[in-house]
Amino acid sequence: MIPEDKKEEFKELLQQVNVSEICRRLNLRNASVNESLNGRRRNHTVLKAVVREARRIVAKQNAEIQNL
């Protein structure tokens, strides 16, 4: 189970990116991400992959903003 503070962190992160686009690129189901966040899925591999990609995208966006 994911701790509540991590769930909130992940939800805030995922609101900053297009989760559907990330899932499409990684060939994953968007519903699997939601199931992991809502505790209906015990295997969080999909969520980990999407969060990893979301962090990469947000870091890239932040770097671009700093370069302006």
# chains A, B, ... in the order shown; residues from 1 in each chain; ligands from 1

call {"tool": "residues_around", "arguments": {"residues": "stretch 45-56 of chain A", "least_positions_apart": "4", "cutoff": "9 Å", "atoms": "only C-alpha atoms", "output": "PyMOL selection string"}}
result
chain A and resi 10+13-14+16-19+22-23+26+28-29+32-34+36-37+60-61

call {"tool": "write_last_selection", "arguments": {"atoms": "N, CA and C atoms", "output": "compact mmCIF listing (two decimals), in the first residue's frame"}}
result
# COMPACT_ATOMS: atom_id res chain seq x y z
N PHE A 10 2.23 12.08 -5.62
CA PHE A 10 2.06 11.54 -6.97
C PHE A 10 0.90 12.22 -7.69
N LEU A 13 1.96 15.62 -8.83
CA LEU A 13 2.88 15.48 -9.95
C LEU A 13 2.13 15.14 -11.24
N LEU A 14 1.20 14.19 -11.15
CA LEU A 14 0.49 13.74 -12.34
C LEU A 14 -0.48 14.79 -12.88
N GLN A 16 0.38 17.78 -13.35
CA GLN A 16 1.22 18.68 -14.12
C GLN A 16 1.54 18.16 -15.52
N VAL A 17 1.20 16.92 -15.79
CA VAL A 17 1.54 16.30 -17.07
C VAL A 17 0.31 15.64 -17.68
N ASN A 18 0.44 15.22 -18.91
CA ASN A 18 -0.63 14.52 -19.61
C ASN A 18 -0.43 13.01 -19.39
N VAL A 19 -1.13 12.46 -18.41
CA VAL A 19 -0.96 11.05 -18.05
C VAL A 19 -1.37 10.14 -19.21
N ILE A 22 1.51 9.89 -21.60
CA ILE A 22 2.59 9.06 -21.04
C ILE A 22 2.22 7.59 -21.14
N CYS A 23 1.00 7.25 -20.77
CA CYS A 23 0.55 5.85 -20.84
C CYS A 23 0.57 5.34 -22.27
N LEU A 26 4.18 4.64 -23.25
CA LEU A 26 4.73 3.48 -22.54
C LEU A 26 3.93 2.21 -22.77
N LEU A 28 0.83 1.52 -21.73
CA LEU A 28 0.20 1.14 -20.47
C LEU A 28 -1.24 1.62 -20.44
N ARG A 29 -2.03 1.03 -19.56
CA ARG A 29 -3.42 1.46 -19.38
C ARG A 29 -3.50 2.60 -18.37
N SER A 32 -4.88 1.62 -15.00
CA SER A 32 -3.97 0.96 -14.07
C SER A 32 -3.32 1.96 -13.13
N VAL A 33 -3.02 3.15 -13.63
CA VAL A 33 -2.44 4.21 -12.80
C VAL A 33 -3.45 4.61 -11.73
N ASN A 34 -4.69 4.84 -12.15
CA ASN A 34 -5.73 5.23 -11.20
C ASN A 34 -6.01 4.13 -10.18
N SER A 36 -3.88 1.95 -9.04
CA SER A 36 -2.77 1.95 -8.08
C SER A 36 -2.92 3.08 -7.07
N LEU A 37 -3.27 4.25 -7.55
CA LEU A 37 -3.43 5.40 -6.65
C LEU A 37 -4.60 5.21 -5.69
N LYS A 60 12.32 18.58 -17.09
CA LYS A 60 12.66 19.19 -18.39
C LYS A 60 11.93 20.53 -18.54
N GLN A 61 10.65 20.58 -18.17
CA GLN A 61 9.88 21.82 -18.26
C GLN A 61 10.49 22.89 -17.35

call {"tool": "atom_distance", "arguments": {"atom1": "atom CA of A:Asn30", "atom2": "atom CA of A:Glu9"}}
result
18.0 Å

call {"tool": "select_by_dssp", "arguments": {"residues": "chain A", "states": "alpha helix (DSSP H)", "output": "PyMOL selection string"}}
result
chain A and resi 4-15+19-26+30-37+45-66

call {"tool": "decode", "arguments": {"residues": "stretch 19-58 of chain A", "atoms": "N, CA and C atoms", "output": "tab-separated table (two decimals), in the first residue's frame"}}
result
chain	number	residue	atom	x	y	z
A	19	VAL	N	-1.13	12.46	-18.41
A	19	VAL	CA	-0.96	11.05	-18.05
A	19	VAL	C	-1.37	10.14	-19.21
A	20	SER	N	-2.41	10.51	-19.92
A	20	SER	CA	-2.86	9.68	-21.05
A	20	SER	C	-1.76	9.56	-22.11
A	21	GLU	N	-1.07	10.66	-22.36
A	21	GLU	CA	0.01	10.65	-23.36
A	21	GLU	C	1.17	9.78	-22.87
A	22	ILE	N	1.51	9.89	-21.60
A	22	ILE	CA	2.59	9.06	-21.04
A	22	ILE	C	2.22	7.59	-21.14
A	23	CYS	N	1.00	7.25	-20.77
A	23	CYS	CA	0.55	5.85	-20.84
A	23	CYS	C	0.57	5.34	-22.27
A	24	ARG	N	0.17	6.18	-23.22
A	24	ARG	CA	0.17	5.77	-24.63
A	24	ARG	C	1.60	5.48	-25.09
A	25	ARG	N	2.54	6.36	-24.73
A	25	ARG	CA	3.93	6.16	-25.13
A	25	ARG	C	4.55	4.92	-24.49
A	26	LEU	N	4.18	4.64	-23.25
A	26	LEU	CA	4.73	3.48	-22.54
A	26	LEU	C	3.93	2.21	-22.77
A	27	ASN	N	2.85	2.32	-23.55
A	27	ASN	CA	1.97	1.19	-23.85
A	27	ASN	C	1.37	0.61	-22.57
A	28	LEU	N	0.83	1.52	-21.73
A	28	LEU	CA	0.20	1.14	-20.47
A	28	LEU	C	-1.24	1.62	-20.44
A	29	ARG	N	-2.03	1.03	-19.56
A	29	ARG	CA	-3.42	1.46	-19.38
A	29	ARG	C	-3.50	2.60	-18.37
A	30	ASN	N	-4.17	3.66	-18.74
A	30	ASN	CA	-4.38	4.79	-17.84
A	30	ASN	C	-5.14	4.34	-16.59
A	31	ALA	N	-6.06	3.42	-16.75
A	31	ALA	CA	-6.85	2.92	-15.62
A	31	ALA	C	-5.96	2.25	-14.58
A	32	SER	N	-4.88	1.62	-15.00
A	32	SER	CA	-3.97	0.96	-14.07
A	32	SER	C	-3.32	1.96	-13.13
A	33	VAL	N	-3.02	3.15	-13.63
A	33	VAL	CA	-2.44	4.21	-12.80
A	33	VAL	C	-3.45	4.61	-11.73
A	34	ASN	N	-4.69	4.84	-12.15
A	34	ASN	CA	-5.73	5.23	-11.20
A	34	ASN	C	-6.01	4.13	-10.18
A	35	GLU	N	-5.99	2.89	-10.61
A	35	GLU	CA	-6.22	1.77	-9.70
A	35	GLU	C	-5.12	1.71	-8.64
A	36	SER	N	-3.88	1.95	-9.04
A	36	SER	CA	-2.77	1.95	-8.08
A	36	SER	C	-2.92	3.08	-7.07
A	37	LEU	N	-3.27	4.25	-7.55
A	37	LEU	CA	-3.43	5.40	-6.65
A	37	LEU	C	-4.60	5.21	-5.69
A	38	ASN	N	-5.63	4.52	-6.13
A	38	ASN	CA	-6.82	4.33	-5.29
A	38	ASN	C	-6.74	3.07	-4.42
A	39	GLY	N	-5.63	2.35	-4.49
A	39	GLY	CA	-5.45	1.18	-3.63
A	39	GLY	C	-6.14	-0.07	-4.12
A	40	ARG	N	-6.63	-0.09	-5.34
A	40	ARG	CA	-7.30	-1.29	-5.86
A	40	ARG	C	-6.34	-2.21	-6.59
A	41	ARG	N	-5.07	-1.84	-6.63
A	41	ARG	CA	-4.07	-2.64	-7.32
A	41	ARG	C	-2.85	-2.77	-6.42
A	42	ARG	N	-2.38	-3.98	-6.22
A	42	ARG	CA	-1.25	-4.20	-5.32
A	42	ARG	C	0.09	-4.02	-6.04
A	43	ASN	N	0.14	-4.32	-7.31
A	43	ASN	CA	1.37	-4.18	-8.08
A	43	ASN	C	1.46	-2.74	-8.60
A	44	HIS	N	2.47	-2.01	-8.14
A	44	HIS	CA	2.57	-0.59	-8.49
A	44	HIS	C	3.61	-0.33	-9.57
A	45	THR	N	3.95	-1.33	-10.36
A	45	THR	CA	4.96	-1.17	-11.41
A	45	THR	C	4.53	-0.13	-12.43
A	46	VAL	N	3.27	-0.15	-12.82
A	46	VAL	CA	2.75	0.80	-13.80
A	46	VAL	C	2.84	2.21	-13.24
A	47	LEU	N	2.42	2.38	-12.00
A	47	LEU	CA	2.47	3.69	-11.37
A	47	LEU	C	3.92	4.19	-11.28
A	48	LYS	N	4.84	3.33	-10.93
A	48	LYS	CA	6.25	3.72	-10.84
A	48	LYS	C	6.78	4.20	-12.18
A	49	ALA	N	6.43	3.49	-13.24
A	49	ALA	CA	6.90	3.87	-14.58
A	49	ALA	C	6.34	5.23	-14.99
A	50	VAL	N	5.06	5.46	-14.73
A	50	VAL	CA	4.43	6.71	-15.11
A	50	VAL	C	4.98	7.86	-14.26
A	51	VAL	N	5.17	7.65	-12.97
A	51	VAL	CA	5.72	8.69	-12.10
A	51	VAL	C	7.15	9.03	-12.51
A	52	ARG	N	7.93	8.03	-12.86
A	52	ARG	CA	9.31	8.26	-13.31
A	52	ARG	C	9.31	9.15	-14.56
A	53	GLU	N	8.46	8.83	-15.50
A	53	GLU	CA	8.37	9.61	-16.74
A	53	GLU	C	7.84	11.02	-16.45
A	54	ALA	N	6.86	11.13	-15.56
A	54	ALA	CA	6.30	12.43	-15.22
A	54	ALA	C	7.36	13.31	-14.56
A	55	ARG	N	8.16	12.75	-13.69
A	55	ARG	CA	9.24	13.51	-13.06
A	55	ARG	C	10.24	14.01	-14.09
A	56	ARG	N	10.54	13.17	-15.07
A	56	ARG	CA	11.46	13.55	-16.13
A	56	ARG	C	10.90	14.73	-16.93
A	57	ILE	N	9.62	14.66	-17.26
A	57	ILE	CA	8.97	15.71	-18.04
A	57	ILE	C	8.94	17.02	-17.25
A	58	VAL	N	8.56	16.95	-15.99
A	58	VAL	CA	8.49	18.15	-15.16
A	58	VAL	C	9.88	18.77	-14.99
